[in-house]
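Down below is the structure, laid out as structure tokens.
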Amino acid sequence: MHIVRKTIPNFWPIAKTGTKYMAVASHSINDAIPIIIIMRDILKYVKTMKEMKKIIHEKKVLVNGRIATETNYPVTLFDTLAIPSIKKFYRAVLVGKKMNFVEIKESEISTRICKIINKRVLPGKKIQINFDNGRNIISSEKVKTGDFATIDLVNNKIKKIIALEKGAEIMIVKGKHMGKTGSVKEIVKQGDEVIAKIKTKEGEISTNVTNLFAIE
């Protein structure tokens with residue numbers, strides 16, 4: 001699947017001028033960058049689609065510890081990207097209002113902070129916690145929708161719960177304040193919205209809680 005280059009999402013860290021069409025992610029189109037764009041246009045490890053298909057066929061690229069199975073495989077914010085054959089490891093982060101990729105240690109690729117989007121009771125009163133990146137975990141941890149968790153991607157276990165509450169360190173990942181970081185000062189309900197007041201180095205700002213993501 002492709003889109004006209006000038007219509008690519010604003011968070012992609014590439015120019016909107018150039019070749020007419022660009023690949024898009026196989027899903028999460030509005031939040032993800034396809035692996036071909038990352039490997040060719042951002043990290044520049046391949047030059048052509050043919051080279052990328054060869055790497056995919058050889059199972060040389062992993063996202064969150066899982067083998068990327070197609071050239072349009074989606075990579076979203078805070079995902080880890082590994083190319084073990086050349087010992088290169090990255091995490092997708094926000095640099096200003098653009099998603100970019102910072103190099104990390106190999107030991108860091110096995111963890112990711114995920115947002116809890118809901119939970120449900122399974123037979124036997126087990127609790128399934130569902131996360132924003134499609135992952136789910138059976139756990140007895142006490143959590144609320146909207147909280148965050150540091151996940152062990154290898155063992156699919158929760159290492160730490162990060163409650164969205166006063167004092168939590170966050171990054172704003174959507175909206176006009178996208179890319180700013182700070183700590184939660186207060187969370188209030190305003191009509192149908194839940195608003196967080198954030199203390200940043202530039203001063204206090206307010207945004208919908210859905211625009212927030214926890215950081216450590």
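Scheme for the structure tokens: letters A, B, ... for chains in order shown; per-chain residue numbers from 1; ligand numbers from 1 in order shown.
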Using the chain letters and numbers from this document, which residues of range 5-100 of chain A does DSSP assign to alpha helix (DSSP H), as a ChimeraX atom specification? /A:35-37,49-57
Next, write the just-selected residues to a file, as a CSV table (one decimal), in the first residue's frame, keeping N, CA and C atoms as the atom set.
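Result saved to result.csv:
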chain,number,residue,atom,x,y,z
A,35,ILE,N,8.7,-0.4,8.0
A,35,ILE,CA,10.1,-0.7,8.2
A,35,ILE,C,11.0,-0.4,7.0
A,36,ILE,N,10.4,-0.4,5.8
A,36,ILE,CA,11.2,-0.1,4.6
A,36,ILE,C,11.6,1.4,4.6
A,37,ILE,N,10.7,2.2,5.0
A,37,ILE,CA,11.1,3.7,5.1
A,37,ILE,C,12.2,3.9,6.1
A,49,MET,N,14.1,-1.5,-2.5
A,49,MET,CA,13.1,-2.4,-2.0
A,49,MET,C,13.7,-3.9,-2.1
A,50,LYS,N,14.4,-4.2,-3.2
A,50,LYS,CA,14.9,-5.5,-3.4
A,50,LYS,C,15.8,-5.9,-2.2
A,51,GLU,N,16.7,-5.0,-1.8
A,51,GLU,CA,17.6,-5.3,-0.7
A,51,GLU,C,16.8,-5.5,0.6
A,52,MET,N,15.7,-4.7,0.8
A,52,MET,CA,14.9,-4.8,2.0
A,52,MET,C,14.2,-6.2,2.0
A,53,LYS,N,13.7,-6.6,0.9
A,53,LYS,CA,13.0,-7.9,0.8
A,53,LYS,C,13.9,-9.0,1.2
A,54,LYS,N,15.2,-8.9,0.8
A,54,LYS,CA,16.2,-9.9,1.1
A,54,LYS,C,16.4,-10.0,2.6
A,55,ILE,N,16.5,-8.8,3.2
A,55,ILE,CA,16.7,-8.8,4.7
A,55,ILE,C,15.5,-9.4,5.4
A,56,ILE,N,14.3,-9.1,4.9
A,56,ILE,CA,13.1,-9.6,5.5
A,56,ILE,C,13.1,-11.1,5.4
A,57,HIS,N,13.4,-11.6,4.2
A,57,HIS,CA,13.4,-13.1,3.9
A,57,HIS,C,14.4,-13.8,4.8
What does the structure give for the distance between CA of Ile83 in chain A and CA of Pro34 in chain A, in Å to one decimal?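 Between CA of Ile83 in chain A and CA of Pro34 in chain A the gap works out to 15.5 Å.
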* For CA of Glu204 in chain A and CA of Val93 in chain A, determine how far apart the two atoms are, in Å to one decimal place. =>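 Going from CA of Glu204 in chain A over to CA of Val93 in chain A, I get 22.8 Å.
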Leaving out range 115-117 of chain A and any residue of its chain fewer than 2 positions from it, which residues lie within 6 Å of it when counting only C-alpha atoms, given as a count of residues only?
-> 7
For range 44-119 of chain A against range 158-175 of chain A, with a cut-off of 9 Å and counting only C-alpha atoms, what is the closest atom pair and its distance in Å to one decimal for every residue that makes the cut, ordered by chain and number, as JSON lines?
{"residue": "A:Leu77", "atom": "CA", "partner": "A:Val173", "partner_atom": "CA", "distance": 8.7}
{"residue": "A:Leu94", "atom": "CA", "partner": "A:Val173", "partner_atom": "CA", "distance": 7.7}
{"residue": "A:Lys97", "atom": "CA", "partner": "A:Val173", "partner_atom": "CA", "distance": 8.2}
{"residue": "A:Thr111", "atom": "CA", "partner": "A:Lys159", "partner_atom": "CA", "distance": 8.8}
{"residue": "A:Ile113", "atom": "CA", "partner": "A:Ile162", "partner_atom": "CA", "distance": 8.9}
What does the file look like for those residues with N, CA and C atoms, as a PDB file, in the first residue's frame?
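Done, and the output landed in part.pdb:
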ATOM      1  N   LEU A  77       5.847   4.601  17.934  1.00  0.00           N
ATOM      2  CA  LEU A  77       6.625   5.310  18.930  1.00  0.00           C
ATOM      3  C   LEU A  77       6.956   4.416  20.129  1.00  0.00           C
ATOM      4  N   LEU A  94      10.492  10.479  20.132  1.00  0.00           N
ATOM      5  CA  LEU A  94      10.142  11.770  19.556  1.00  0.00           C
ATOM      6  C   LEU A  94      11.315  12.725  19.723  1.00  0.00           C
ATOM      7  N   LYS A  97       8.844  17.178  17.096  1.00  0.00           N
ATOM      8  CA  LYS A  97       7.569  16.595  16.680  1.00  0.00           C
ATOM      9  C   LYS A  97       7.765  15.491  15.637  1.00  0.00           C
ATOM     10  N   THR A 111      12.785  -4.368  26.631  1.00  0.00           N
ATOM     11  CA  THR A 111      11.757  -3.705  27.420  1.00  0.00           C
ATOM     12  C   THR A 111      11.115  -2.558  26.641  1.00  0.00           C
ATOM     13  N   ILE A 113       7.812   0.544  27.359  1.00  0.00           N
ATOM     14  CA  ILE A 113       6.672   1.054  28.105  1.00  0.00           C
ATOM     15  C   ILE A 113       5.444   0.990  27.193  1.00  0.00           C
TER      16      ILE A 113
END
For Ile138 in chain A, find every residue with an atom within 9 Å (counting only C-alpha atoms), except residues of its own chain fewer than 5 positions away, and show them as a list of chain:residue names.
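Once the adjacent positions are removed, what remains is A:Lys126, A:Ile127, A:Gln128, A:Ile129, A:Asn130, A:Lys157.
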Min atom-atom distance to Thr19 in chain A from the set A:Lys6, A:Lys176, A:Arg40, A:Lys59, counting only C-alpha atoms, belongs to A:Lys6
Notebook entry, point to check: Residues of range 39-109 of chain A in strand (DSSP E) according to DSSP, as number ranges by chain?
Noted result: A: 62-63, 66-67, 74-76, 80-83, 88-95, 98-103
Inset, instruction - Tell me, in Å to one decimal, how far CA of Ala15 in chain A is from CA of Ile215 in chain A. - result: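 Distance between the two atoms: 28.3 Å.
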Practice item. Compare A:Pro123, A:Gly96, A:Gly203, A:Pro13 by their minimum atom-to-atom distance to Lys185 in chain A, counting only C-alpha atoms, and give me the closest one. Key: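 For Lys185 in chain A, the nearest of the given residues is A:Gly203.
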Within 10 Å of Ala68 in chain A, counting only C-alpha atoms, which residues qualify if same-chain residues fewer than 3 places away don't, as a ChimeraX atom specification? /A:35,55-57,59-65,71-75,81-82
Would you put the residues from that selection into a file with N, CA and C atoms, as an mmCIF file, in the first residue's frame?
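Written file, out-v6.cif:
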data_model
loop_
_atom_site.group_PDB
_atom_site.id
_atom_site.type_symbol
_atom_site.label_atom_id
_atom_site.label_comp_id
_atom_site.auth_asym_id
_atom_site.auth_seq_id
_atom_site.Cartn_x
_atom_site.Cartn_y
_atom_site.Cartn_z
ATOM 1 N N ILE A 35 8.740 -0.387 8.017
ATOM 2 C CA ILE A 35 10.149 -0.726 8.189
ATOM 3 C C ILE A 35 10.994 -0.389 6.959
ATOM 4 N N ILE A 55 16.536 -8.839 3.229
ATOM 5 C CA ILE A 55 16.733 -8.802 4.678
ATOM 6 C C ILE A 55 15.530 -9.390 5.407
ATOM 7 N N ILE A 56 14.326 -9.059 4.914
ATOM 8 C CA ILE A 56 13.104 -9.617 5.512
ATOM 9 C C ILE A 56 13.084 -11.136 5.356
ATOM 10 N N HIS A 57 13.422 -11.617 4.166
ATOM 11 C CA HIS A 57 13.442 -13.063 3.905
ATOM 12 C C HIS A 57 14.440 -13.769 4.813
ATOM 13 N N LYS A 59 15.204 -12.827 7.764
ATOM 14 C CA LYS A 59 14.757 -12.612 9.146
ATOM 15 C C LYS A 59 15.795 -11.869 9.972
ATOM 16 N N LYS A 60 16.327 -10.800 9.401
ATOM 17 C CA LYS A 60 17.422 -10.072 10.038
ATOM 18 C C LYS A 60 16.993 -8.841 10.832
ATOM 19 N N VAL A 61 15.709 -8.480 10.773
ATOM 20 C CA VAL A 61 15.240 -7.289 11.486
ATOM 21 C C VAL A 61 14.124 -7.680 12.455
ATOM 22 N N LEU A 62 14.234 -7.191 13.695
ATOM 23 C CA LEU A 62 13.236 -7.487 14.715
ATOM 24 C C LEU A 62 12.646 -6.195 15.265
ATOM 25 N N VAL A 63 11.360 -6.203 15.498
ATOM 26 C CA VAL A 63 10.663 -5.082 16.128
ATOM 27 C C VAL A 63 10.039 -5.600 17.417
ATOM 28 N N ASN A 64 10.428 -5.009 18.530
ATOM 29 C CA ASN A 64 9.967 -5.474 19.849
ATOM 30 C C ASN A 64 10.228 -6.964 20.048
ATOM 31 N N GLY A 65 11.364 -7.412 19.530
ATOM 32 C CA GLY A 65 11.752 -8.806 19.700
ATOM 33 C C GLY A 65 11.099 -9.778 18.742
ATOM 34 N N THR A 71 7.814 -5.876 4.285
ATOM 35 C CA THR A 71 8.480 -4.583 4.115
ATOM 36 C C THR A 71 7.651 -3.431 4.666
ATOM 37 N N ASN A 72 6.350 -3.640 4.817
ATOM 38 C CA ASN A 72 5.474 -2.598 5.367
ATOM 39 C C ASN A 72 5.198 -2.800 6.862
ATOM 40 N N TYR A 73 6.008 -3.632 7.493
ATOM 41 C CA TYR A 73 5.835 -3.925 8.921
ATOM 42 C C TYR A 73 5.860 -2.614 9.706
ATOM 43 N N PRO A 74 4.866 -2.377 10.591
ATOM 44 C CA PRO A 74 4.768 -1.078 11.267
ATOM 45 C C PRO A 74 5.691 -0.940 12.479
ATOM 46 N N VAL A 75 6.242 0.244 12.632
ATOM 47 C CA VAL A 75 7.027 0.582 13.818
ATOM 48 C C VAL A 75 6.398 1.843 14.407
ATOM 49 N N LEU A 81 13.906 -1.565 17.725
ATOM 50 C CA LEU A 81 14.286 -2.099 16.413
ATOM 51 C C LEU A 81 15.671 -2.699 16.543
ATOM 52 N N ALA A 82 15.814 -3.944 16.146
ATOM 53 C CA ALA A 82 17.098 -4.627 16.280
ATOM 54 C C ALA A 82 17.547 -5.216 14.951
#
Q. For Tyr90 in chain A, which residue out of A:Met39, A:Asn136, A:Lys105, A:Val46 is the nearest one, using only C-alpha atoms?
A.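 Residue with the minimum atom-to-atom distance to Tyr90 in chain A: A:Lys105.
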